[in-house]
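S.K.: Handing over protein.pdb, PDB, C-alpha atoms.
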ATOM      1  CA  MET A   4     -13.451  15.729   0.269  1.00  0.00           C
ATOM      2  CA  ALA A   5     -10.550  16.016   2.694  1.00  0.00           C
ATOM      3  CA  ASN A   6     -10.396  18.332   5.657  1.00  0.00           C
ATOM      4  CA  PRO A   7      -6.969  19.906   6.390  1.00  0.00           C
ATOM      5  CA  VAL A   8      -7.253  19.212  10.114  1.00  0.00           C
ATOM      6  CA  SER A   9      -8.347  15.618   9.600  1.00  0.00           C
ATOM      7  CA  ALA A  10      -6.126  12.730   8.578  1.00  0.00           C
ATOM      8  CA  HIS A  11      -8.957  10.966   6.818  1.00  0.00           C
ATOM      9  CA  THR A  12     -11.602  11.785   4.243  1.00  0.00           C
ATOM     10  CA  ILE A  13     -14.800  13.002   5.882  1.00  0.00           C
ATOM     11  CA  ASN A  14     -18.137  11.353   5.227  1.00  0.00           C
ATOM     12  CA  TYR A  15     -20.368  14.410   5.508  1.00  0.00           C
ATOM     13  CA  ALA A  16     -23.497  12.405   4.679  1.00  0.00           C
ATOM     14  CA  LEU A  17     -23.249  10.588   8.028  1.00  0.00           C
ATOM     15  CA  GLU A  18     -22.077  13.529  10.146  1.00  0.00           C
ATOM     16  CA  ASN A  19     -25.503  13.933  11.755  1.00  0.00           C
ATOM     17  CA  ALA A  20     -26.820  10.411  11.289  1.00  0.00           C
ATOM     18  CA  PRO A  21     -28.020   8.387  14.311  1.00  0.00           C
ATOM     19  CA  THR A  22     -25.371   6.138  15.814  1.00  0.00           C
ATOM     20  CA  GLN A  23     -27.214   2.956  14.864  1.00  0.00           C
ATOM     21  CA  HIS A  24     -27.211   4.041  11.211  1.00  0.00           C
ATOM     22  CA  VAL A  25     -23.480   4.672  11.339  1.00  0.00           C
ATOM     23  CA  VAL A  26     -22.833   1.301  12.984  1.00  0.00           C
ATOM     24  CA  TRP A  27     -24.954  -0.577  10.451  1.00  0.00           C
ATOM     25  CA  TYR A  28     -23.473   1.274   7.462  1.00  0.00           C
ATOM     26  CA  TYR A  29     -19.833   0.587   8.372  1.00  0.00           C
ATOM     27  CA  LEU A  30     -20.548  -2.947   9.570  1.00  0.00           C
ATOM     28  CA  LEU A  31     -21.983  -3.844   6.173  1.00  0.00           C
ATOM     29  CA  LEU A  32     -19.142  -1.975   4.471  1.00  0.00           C
ATOM     30  CA  GLY A  33     -16.612  -4.087   6.373  1.00  0.00           C
ATOM     31  CA  ILE A  34     -18.372  -7.319   5.443  1.00  0.00           C
ATOM     32  CA  ARG A  35     -18.530  -6.311   1.767  1.00  0.00           C
ATOM     33  CA  HIS A  36     -14.843  -5.448   1.846  1.00  0.00           C
ATOM     34  CA  ILE A  37     -14.207  -9.161   2.418  1.00  0.00           C
ATOM     35  CA  ILE A  38     -17.272 -10.754   0.822  1.00  0.00           C
ATOM     36  CA  PRO A  39     -17.556 -10.328  -2.106  1.00  0.00           C
ATOM     37  CA  ASP A  40     -15.103  -7.511  -2.875  1.00  0.00           C
ATOM     38  CA  GLY A  41     -11.950  -8.690  -1.092  1.00  0.00           C
ATOM     39  CA  PHE A  42     -10.889 -11.628  -3.241  1.00  0.00           C
ATOM     40  CA  ASP A  43      -7.221 -11.138  -2.295  1.00  0.00           C
ATOM     41  CA  HIS A  44      -8.059 -11.128   1.420  1.00  0.00           C
ATOM     42  CA  ILE A  45     -10.272 -14.193   0.934  1.00  0.00           C
ATOM     43  CA  LEU A  46      -7.379 -16.094  -0.661  1.00  0.00           C
ATOM     44  CA  PHE A  47      -5.067 -15.060   2.184  1.00  0.00           C
ATOM     45  CA  VAL A  48      -7.491 -16.341   4.832  1.00  0.00           C
ATOM     46  CA  VAL A  49      -8.135 -19.573   2.892  1.00  0.00           C
ATOM     47  CA  SER A  50      -4.370 -20.131   2.691  1.00  0.00           C
ATOM     48  CA  LEU A  51      -4.111 -19.791   6.461  1.00  0.00           C
ATOM     49  CA  CYS A  52      -6.601 -22.649   6.850  1.00  0.00           C
ATOM     50  CA  LEU A  53      -4.781 -25.195   4.690  1.00  0.00           C
ATOM     51  CA  LEU A  54      -1.533 -26.107   6.462  1.00  0.00           C
ATOM     52  CA  SER A  55      -3.183 -27.411   9.630  1.00  0.00           C
ATOM     53  CA  THR A  56      -6.541 -29.120  10.071  1.00  0.00           C
ATOM     54  CA  LYS A  57      -6.753 -28.044  13.727  1.00  0.00           C
ATOM     55  CA  ILE A  58      -9.157 -25.184  14.353  1.00  0.00           C
ATOM     56  CA  LYS A  59      -7.034 -23.983  17.302  1.00  0.00           C
ATOM     57  CA  THR A  60      -4.068 -23.205  15.043  1.00  0.00           C
ATOM     58  CA  ILE A  61      -6.313 -21.347  12.631  1.00  0.00           C
ATOM     59  CA  LEU A  62      -7.761 -19.272  15.469  1.00  0.00           C
ATOM     60  CA  TRP A  63      -4.266 -18.302  16.631  1.00  0.00           C
ATOM     61  CA  GLN A  64      -3.403 -17.094  13.142  1.00  0.00           C
ATOM     62  CA  ALA A  65      -6.739 -15.341  12.689  1.00  0.00           C
ATOM     63  CA  THR A  66      -6.318 -13.582  16.056  1.00  0.00           C
ATOM     64  CA  ALA A  67      -2.816 -12.375  15.161  1.00  0.00           C
ATOM     65  CA  PHE A  68      -4.077 -11.131  11.801  1.00  0.00           C
ATOM     66  CA  THR A  69      -7.041  -9.359  13.415  1.00  0.00           C
ATOM     67  CA  VAL A  70      -4.973  -7.597  16.078  1.00  0.00           C
ATOM     68  CA  ALA A  71      -2.411  -6.472  13.499  1.00  0.00           C
ATOM     69  CA  HIS A  72      -4.786  -5.091  10.899  1.00  0.00           C
ATOM     70  CA  SER A  73      -6.879  -3.392  13.592  1.00  0.00           C
ATOM     71  CA  ILE A  74      -3.790  -1.482  14.751  1.00  0.00           C
ATOM     72  CA  THR A  75      -2.709  -0.219  11.347  1.00  0.00           C
ATOM     73  CA  LEU A  76      -6.288   0.471  10.223  1.00  0.00           C
ATOM     74  CA  ALA A  77      -6.834   2.859  13.140  1.00  0.00           C
ATOM     75  CA  LEU A  78      -3.367   4.434  12.913  1.00  0.00           C
ATOM     76  CA  SER A  79      -3.669   4.912   9.157  1.00  0.00           C
ATOM     77  CA  MET A  80      -7.081   6.576   9.439  1.00  0.00           C
ATOM     78  CA  LYS A  81      -5.668   8.838  12.148  1.00  0.00           C
ATOM     79  CA  GLY A  82      -2.773   9.742   9.873  1.00  0.00           C
ATOM     80  CA  THR A  83      -0.180   8.432  12.351  1.00  0.00           C
ATOM     81  CA  ILE A  84       1.232   6.127   9.696  1.00  0.00           C
ATOM     82  CA  MET A  85       0.906   6.383   5.939  1.00  0.00           C
ATOM     83  CA  ALA A  86       2.006   4.154   3.086  1.00  0.00           C
ATOM     84  CA  PRO A  87       1.195   4.539  -0.618  1.00  0.00           C
ATOM     85  CA  GLY A  88      -1.027   1.971  -2.269  1.00  0.00           C
ATOM     86  CA  ALA A  89       1.737   1.327  -4.795  1.00  0.00           C
ATOM     87  CA  VAL A  90       3.742  -0.192  -1.919  1.00  0.00           C
ATOM     88  CA  VAL A  91       0.948  -1.748   0.149  1.00  0.00           C
ATOM     89  CA  GLU A  92      -0.913  -3.600  -2.607  1.00  0.00           C
ATOM     90  CA  PRO A  93       2.086  -5.571  -3.983  1.00  0.00           C
ATOM     91  CA  ILE A  94       3.069  -6.571  -0.436  1.00  0.00           C
ATOM     92  CA  ILE A  95      -0.471  -7.847   0.177  1.00  0.00           C
ATOM     93  CA  SER A  96      -0.254 -10.078  -2.910  1.00  0.00           C
ATOM     94  CA  LEU A  97       3.250 -11.183  -1.852  1.00  0.00           C
ATOM     95  CA  SER A  98       1.871 -12.151   1.561  1.00  0.00           C
ATOM     96  CA  ILE A  99      -0.642 -14.437  -0.157  1.00  0.00           C
ATOM     97  CA  LEU A 100       2.115 -15.934  -2.287  1.00  0.00           C
ATOM     98  CA  PHE A 101       4.329 -16.486   0.773  1.00  0.00           C
ATOM     99  CA  VAL A 102       1.657 -18.354   2.738  1.00  0.00           C
ATOM    100  CA  ALA A 103       0.688 -20.448  -0.297  1.00  0.00           C
ATOM    101  CA  VAL A 104       4.307 -21.499  -0.910  1.00  0.00           C
ATOM    102  CA  GLU A 105       4.805 -22.213   2.797  1.00  0.00           C
ATOM    103  CA  ASN A 106       1.757 -24.516   2.699  1.00  0.00           C
ATOM    104  CA  ILE A 107       3.493 -26.542   0.003  1.00  0.00           C
ATOM    105  CA  LEU A 108       6.979 -26.618   1.540  1.00  0.00           C
ATOM    106  CA  LEU A 109       6.041 -27.331   5.162  1.00  0.00           C
ATOM    107  CA  THR A 110       4.299 -30.404   6.543  1.00  0.00           C
ATOM    108  CA  ARG A 111       3.123 -28.776   9.773  1.00  0.00           C
ATOM    109  CA  LEU A 112       2.600 -25.332  11.189  1.00  0.00           C
ATOM    110  CA  LYS A 113       5.754 -23.719  12.581  1.00  0.00           C
ATOM    111  CA  PRO A 114       5.733 -21.300  15.540  1.00  0.00           C
ATOM    112  CA  TRP A 115       6.974 -18.470  13.353  1.00  0.00           C
ATOM    113  CA  ARG A 116       3.808 -18.582  11.208  1.00  0.00           C
ATOM    114  CA  VAL A 117       1.834 -16.580  13.788  1.00  0.00           C
ATOM    115  CA  GLY A 118       4.512 -13.855  13.847  1.00  0.00           C
ATOM    116  CA  ILE A 119       4.603 -13.719  10.055  1.00  0.00           C
ATOM    117  CA  VAL A 120       0.811 -13.537   9.881  1.00  0.00           C
ATOM    118  CA  PHE A 121       0.913 -10.654  12.378  1.00  0.00           C
ATOM    119  CA  MET A 122       3.397  -8.720  10.218  1.00  0.00           C
ATOM    120  CA  PHE A 123       1.334  -9.330   7.109  1.00  0.00           C
ATOM    121  CA  GLY A 124      -1.763  -8.256   9.037  1.00  0.00           C
ATOM    122  CA  LEU A 125      -0.137  -4.869   9.611  1.00  0.00           C
ATOM    123  CA  ILE A 126       0.147  -4.453   5.845  1.00  0.00           C
ATOM    124  CA  HIS A 127      -3.398  -5.665   5.183  1.00  0.00           C
ATOM    125  CA  GLY A 128      -4.658  -3.112   7.711  1.00  0.00           C
ATOM    126  CA  MET A 129      -3.168  -0.312   5.626  1.00  0.00           C
ATOM    127  CA  GLY A 130      -4.935  -1.788   2.610  1.00  0.00           C
ATOM    128  CA  PHE A 131      -8.226  -1.741   4.533  1.00  0.00           C
ATOM    129  CA  ALA A 132      -7.567   1.892   5.476  1.00  0.00           C
ATOM    130  CA  SER A 133      -6.972   2.872   1.851  1.00  0.00           C
ATOM    131  CA  SER A 134     -10.341   1.432   0.827  1.00  0.00           C
ATOM    132  CA  LEU A 135     -12.133   2.911   3.841  1.00  0.00           C
ATOM    133  CA  ASN A 136     -10.670   6.332   3.136  1.00  0.00           C
ATOM    134  CA  GLU A 137     -12.422   6.350  -0.240  1.00  0.00           C
ATOM    135  CA  ILE A 138     -15.736   6.362   1.643  1.00  0.00           C
ATOM    136  CA  GLY A 139     -14.596   8.537   4.522  1.00  0.00           C
ATOM    137  CA  LEU A 140     -15.592   8.688   8.187  1.00  0.00           C
ATOM    138  CA  PRO A 141     -17.872  11.062  10.088  1.00  0.00           C
ATOM    139  CA  ARG A 142     -15.745  13.293  12.326  1.00  0.00           C
ATOM    140  CA  ASN A 143     -17.983  12.995  15.371  1.00  0.00           C
ATOM    141  CA  GLN A 144     -18.207   9.188  15.203  1.00  0.00           C
ATOM    142  CA  PHE A 145     -14.671   8.248  14.208  1.00  0.00           C
ATOM    143  CA  TYR A 146     -14.188   5.369  16.653  1.00  0.00           C
ATOM    144  CA  THR A 147     -17.739   4.101  16.211  1.00  0.00           C
ATOM    145  CA  SER A 148     -17.298   3.839  12.453  1.00  0.00           C
ATOM    146  CA  ILE A 149     -13.791   2.336  12.716  1.00  0.00           C
ATOM    147  CA  LEU A 150     -14.930  -0.319  15.196  1.00  0.00           C
ATOM    148  CA  SER A 151     -18.024  -1.101  13.125  1.00  0.00           C
ATOM    149  CA  PHE A 152     -16.002  -1.465   9.924  1.00  0.00           C
ATOM    150  CA  ASN A 153     -13.481  -3.668  11.691  1.00  0.00           C
ATOM    151  CA  ALA A 154     -16.298  -5.818  13.132  1.00  0.00           C
ATOM    152  CA  GLY A 155     -17.656  -6.240   9.618  1.00  0.00           C
ATOM    153  CA  VAL A 156     -14.244  -7.323   8.374  1.00  0.00           C
ATOM    154  CA  GLU A 157     -14.084  -9.902  11.164  1.00  0.00           C
ATOM    155  CA  ILE A 158     -17.528 -11.246  10.301  1.00  0.00           C
ATOM    156  CA  GLY A 159     -16.360 -11.638   6.712  1.00  0.00           C
ATOM    157  CA  GLN A 160     -13.187 -13.425   7.783  1.00  0.00           C
ATOM    158  CA  ILE A 161     -15.071 -15.759  10.125  1.00  0.00           C
ATOM    159  CA  ALA A 162     -17.438 -16.597   7.273  1.00  0.00           C
ATOM    160  CA  VAL A 163     -14.482 -17.460   5.011  1.00  0.00           C
ATOM    161  CA  ILE A 164     -12.820 -19.606   7.704  1.00  0.00           C
ATOM    162  CA  SER A 165     -16.102 -21.388   8.465  1.00  0.00           C
ATOM    163  CA  ALA A 166     -16.797 -22.090   4.801  1.00  0.00           C
ATOM    164  CA  THR A 167     -13.258 -23.369   4.225  1.00  0.00           C
ATOM    165  CA  PHE A 168     -13.493 -25.763   7.159  1.00  0.00           C
ATOM    166  CA  LEU A 169     -17.013 -26.961   6.452  1.00  0.00           C
ATOM    167  CA  LEU A 170     -16.556 -27.446   2.717  1.00  0.00           C
ATOM    168  CA  PHE A 171     -12.888 -28.410   2.503  1.00  0.00           C
ATOM    169  CA  VAL A 172     -10.909 -29.126   5.666  1.00  0.00           C
ATOM    170  CA  ILE A 173     -13.420 -31.193   7.669  1.00  0.00           C
ATOM    171  CA  PRO A 174     -14.569 -33.515   4.861  1.00  0.00           C
ATOM    172  CA  LEU A 175     -11.084 -33.940   3.342  1.00  0.00           C
ATOM    173  CA  GLY A 176      -8.568 -33.182   6.096  1.00  0.00           C
ATOM    174  CA  ARG A 177      -8.273 -36.772   7.409  1.00  0.00           C
ATOM    175  CA  ARG A 178      -7.853 -38.373   4.009  1.00  0.00           C
ATOM    176  CA  PRO A 179      -4.332 -39.774   3.414  1.00  0.00           C
ATOM    177  CA  TRP A 180      -4.122 -37.859   0.146  1.00  0.00           C
ATOM    178  CA  TYR A 181      -5.250 -34.542   1.642  1.00  0.00           C
ATOM    179  CA  ARG A 182      -1.912 -32.766   1.222  1.00  0.00           C
ATOM    180  CA  THR A 183      -0.917 -34.112  -2.166  1.00  0.00           C
ATOM    181  CA  LYS A 184      -4.300 -33.922  -3.874  1.00  0.00           C
ATOM    182  CA  ALA A 185      -5.937 -31.033  -2.036  1.00  0.00           C
ATOM    183  CA  VAL A 186      -3.481 -28.705  -0.261  1.00  0.00           C
ATOM    184  CA  TYR A 187      -0.792 -28.748  -2.954  1.00  0.00           C
ATOM    185  CA  PRO A 188      -3.064 -28.019  -5.945  1.00  0.00           C
ATOM    186  CA  LEU A 189      -5.121 -25.370  -4.141  1.00  0.00           C
ATOM    187  CA  SER A 190      -2.053 -23.657  -2.656  1.00  0.00           C
ATOM    188  CA  GLY A 191      -0.374 -23.793  -6.064  1.00  0.00           C
ATOM    189  CA  LEU A 192      -3.386 -22.141  -7.698  1.00  0.00           C
ATOM    190  CA  ILE A 193      -3.539 -19.457  -5.006  1.00  0.00           C
ATOM    191  CA  GLY A 194       0.202 -18.878  -5.345  1.00  0.00           C
ATOM    192  CA  CYS A 195      -0.066 -18.434  -9.127  1.00  0.00           C
ATOM    193  CA  ILE A 196      -2.887 -15.925  -8.740  1.00  0.00           C
ATOM    194  CA  ALA A 197      -0.903 -14.020  -6.101  1.00  0.00           C
ATOM    195  CA  ALA A 198       2.225 -13.999  -8.293  1.00  0.00           C
ATOM    196  CA  PHE A 199       0.176 -12.601 -11.185  1.00  0.00           C
ATOM    197  CA  TRP A 200      -1.282  -9.908  -8.923  1.00  0.00           C
ATOM    198  CA  THR A 201       2.188  -8.991  -7.671  1.00  0.00           C
ATOM    199  CA  ILE A 202       3.517  -8.509 -11.202  1.00  0.00           C
ATOM    200  CA  GLN A 203       0.386  -6.610 -12.203  1.00  0.00           C
ATOM    201  CA  ARG A 204       0.512  -4.312  -9.167  1.00  0.00           C
ATOM    202  CA  VAL A 205       4.228  -3.590  -9.468  1.00  0.00           C
ATOM    203  CA  PHE A 206       4.469  -3.015 -13.211  1.00  0.00           C
ATOM    204  CA  PHE A 207       0.995  -2.167 -14.511  1.00  0.00           C
ATOM    205  CA  THR A 208      -0.691   0.006 -11.857  1.00  0.00           C
TER     206      THR A 208
END
Rewrite the coordinates I just gave you, this time as structure tokens.
M.R.:
Amino acid sequence: MANPVSAHTINYALENAPTQHVVWYYLLLGIRHIIPDGFDHILFVVSLCLLSTKIKTILWQATAFTVAHSITLALSMKGTIMAPGAVVEPIISLSILFVAVENILLTRLKPWRVGIVFMFGLIHGMGFASSLNEIGLPRNQFYTSILSFNAGVEIGQIAVISATFLLFVIPLGRRPWYRTKAVYPLSGLIGCIAAFWTIQRVFFT
């Protein structure tokens, strides 16, 4: 149920809940939004981990993505910026496709990747806001719930990055065939899935 003086849907059930309950609820909600519900966001984060085997470069990209989606998540929930899901969702799938194709075409990370990831993070943040708005936020704990949800999203992303490195990048990254037999096929698969999602979201939703 929306309130005319509020930019976001109100979660009346948590209006009078203790702060620790609110924190725990939105923290878990943020984690679930990535794992297991955010398959598109998981593929985006996995794609970010493939071009370089250096954890430092991944952290730079992850930081840019985090800062960007945190900005648009808060602004969207405040009603400062608004974008329809029909626009946001196809751009999210296109961002996955872009990174996957870039992984295939480039042999090393370029400086512009961080800037591109930041711009895509702004779009992903609006996607997070759309999902969060379905649940709503308690009016008297707006920032607490936003920060908790965002922390949950970060925990989910860190889990995806850690799993990708432990299961894929570290054991395979130094093999001479890593790019041709690992990065290319996986990026190609991710790109095909993202292309399908883009078509589906543009023409069938």
S.K.: With a distance cut-off of 10 Å and only C-alpha atoms, select the neighbouring residues of Ser133 in chain A, excluding the residue or stretch itself and same-chain residues fewer than 5 positions from it, and output the selection as a list in words.
M.R.: His11, Leu76, Ser79, Met80, Met85, Ala86, Pro87, Gly88, Val91, Glu92, His127, Gly128, Ile138 and Gly139 of chain A
S.K.: Tell me, in Å to one decimal, how far CA of Val186 in chain A is from CA of Lys57 in chain A.
M.R.: 14.4 Å
S.K.: Go ahead and find all residues with at least one atom no further than 9 Å from (-4.1, -17.8, 5.7) in the file's coordinates, using only C-alpha atoms; report them as number ranges by chain.
M.R.: A: 44-54, 61, 64-65, 99, 102-103, 120
S.K.: Suppose we keep C-alpha atoms; can you now write the selection as a PDB file, keeping the file's coordinate frame?
M.R.:
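Produced file part-v5.pdb, reproduced below:
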ATOM      1  CA  HIS A  44      -8.059 -11.128   1.420  1.00  0.00           C
ATOM      2  CA  ILE A  45     -10.272 -14.193   0.934  1.00  0.00           C
ATOM      3  CA  LEU A  46      -7.379 -16.094  -0.661  1.00  0.00           C
ATOM      4  CA  PHE A  47      -5.067 -15.060   2.184  1.00  0.00           C
ATOM      5  CA  VAL A  48      -7.491 -16.341   4.832  1.00  0.00           C
ATOM      6  CA  VAL A  49      -8.135 -19.573   2.892  1.00  0.00           C
ATOM      7  CA  SER A  50      -4.370 -20.131   2.691  1.00  0.00           C
ATOM      8  CA  LEU A  51      -4.111 -19.791   6.461  1.00  0.00           C
ATOM      9  CA  CYS A  52      -6.601 -22.649   6.850  1.00  0.00           C
ATOM     10  CA  LEU A  53      -4.781 -25.195   4.690  1.00  0.00           C
ATOM     11  CA  LEU A  54      -1.533 -26.107   6.462  1.00  0.00           C
ATOM     12  CA  ILE A  61      -6.313 -21.347  12.631  1.00  0.00           C
ATOM     13  CA  GLN A  64      -3.403 -17.094  13.142  1.00  0.00           C
ATOM     14  CA  ALA A  65      -6.739 -15.341  12.689  1.00  0.00           C
ATOM     15  CA  ILE A  99      -0.642 -14.437  -0.157  1.00  0.00           C
ATOM     16  CA  VAL A 102       1.657 -18.354   2.738  1.00  0.00           C
ATOM     17  CA  ALA A 103       0.688 -20.448  -0.297  1.00  0.00           C
ATOM     18  CA  VAL A 120       0.811 -13.537   9.881  1.00  0.00           C
TER      19      VAL A 120
END
S.K.: Quick one, how far is CA of Ser96 in chain A from CA of Thr66 in chain A?
M.R.: 20.2 Å
S.K.: I would like the residues chosen by the PyMOL selection byres ((chain A and resi 41) around 12) on the shown file; could you give them as a list in words?
M.R.: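 Here the PyMOL selection byres ((chain A and resi 41) around 12) matches Leu32, Gly33, Ile34, Arg35, His36, Ile37, Ile38, Pro39, Asp40, Phe42, Asp43, His44, Ile45, Leu46, Phe47, Val48, Ile95, Ser96, His127, Gly130, Phe131, Ser134, Val156, Gly159, Gln160 and Val163 of chain A.
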S.K.: What separation in Å, quoted to one decimal, exists between CA of Gly118 in chain A and CA of Ile164 in chain A?
M.R.: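 Those two atoms sit 19.3 Å apart.
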S.K.: Have a look at A:Leu30, A:Ala166, A:Ala16, A:Met129 and name the one nearest to Thr147 in chain A; count all atoms listed in the file.
M.R.: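 Distance minimum relative to Thr147 in chain A lands on A:Leu30.
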S.K.: Could you expand the PyMOL selection byres ((chain A and resi 208) around 12) into the explicit residues it covers here, written as a compact mmCIF listing (two decimals) with C-alpha atoms, in the coordinates of the input?
M.R.:
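What ended up in selection.txt:
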# COMPACT_ATOMS: atom_id res chain seq x y z
CA GLY A 88 -1.03 1.97 -2.27
CA ALA A 89 1.74 1.33 -4.80
CA VAL A 90 3.74 -0.19 -1.92
CA GLU A 92 -0.91 -3.60 -2.61
CA PRO A 93 2.09 -5.57 -3.98
CA TRP A 200 -1.28 -9.91 -8.92
CA THR A 201 2.19 -8.99 -7.67
CA ILE A 202 3.52 -8.51 -11.20
CA GLN A 203 0.39 -6.61 -12.20
CA ARG A 204 0.51 -4.31 -9.17
CA VAL A 205 4.23 -3.59 -9.47
CA PHE A 206 4.47 -3.02 -13.21
CA PHE A 207 1.00 -2.17 -14.51
S.K.: Let me make sure I understand: among A:Arg178, A:His24, A:Lys81, A:Arg116, which one has the smallest atom-to-atom distance to Trp63 in chain A if we use all atoms listed in the file?
M.R.: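 The shortest atom-to-atom distance to Trp63 in chain A comes from A:Arg116.
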S.K.: Which residues come within 8 Å of Gly194 in chain A, counting all atoms listed in the file, excluding same-chain residues fewer than 2 positions away, as a ChimeraX atom specification?
M.R.: /A:99-101,103-104,190-192,196-198
S.K.: The PyMOL selection byres ((chain A and resi 112) around 10) on the file shown: which residues, as a PyMOL selection string?
M.R.: chain A and resi 51+53-56+60-61+105-106+109-111+113-117
S.K.: Taking all atoms listed in the file into account, name the residue in A:Ile94, A:Ile149, A:Ile84, A:Leu175 that is nearest to Leu135 in chain A.
M.R.: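 Ranked by minimum distance to Leu135 in chain A, first place goes to A:Ile149.
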S.K.: From the set A:Ile107, A:Leu31, A:Ala154, A:Ala20, which residue has the shortest atom-to-atom contact distance to Val70 in chain A, counting all atoms listed in the file?
M.R.: A:Ala154
S.K.: Any idea what's packed within 9 Å of Tyr15 in chain A, counting all atoms listed in the file, ignoring anything in its chain fewer than 6 positions away? Could you give it as an NGL selection string?
M.R.: :A and (4 or 139-142)
S.K.: Between A:Asn153, A:Gly176, A:Phe145, A:Leu97, which has the minimum distance to Phe199 in chain A (counting all atoms listed in the file)?
M.R.: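 Among the listed residues, the smallest separation from Phe199 in chain A belongs to A:Leu97.
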S.K.: Nearest to Leu189 in chain A among A:Thr69, A:Thr167, A:Thr75, A:Asn19, with distances taken over only C-alpha atoms: which residue is it?
M.R.: A:Thr167
S.K.: Range 177-195 of chain A, all listed atoms, 5 Å padding on each side: what axis-aligned box centre and edge lengths in Å to one decimal come out, as JSON?
M.R.:
{"center_x": -4.0, "center_y": -29.1, "center_z": -0.9, "size_x": 18.5, "size_y": 31.3, "size_z": 26.5}
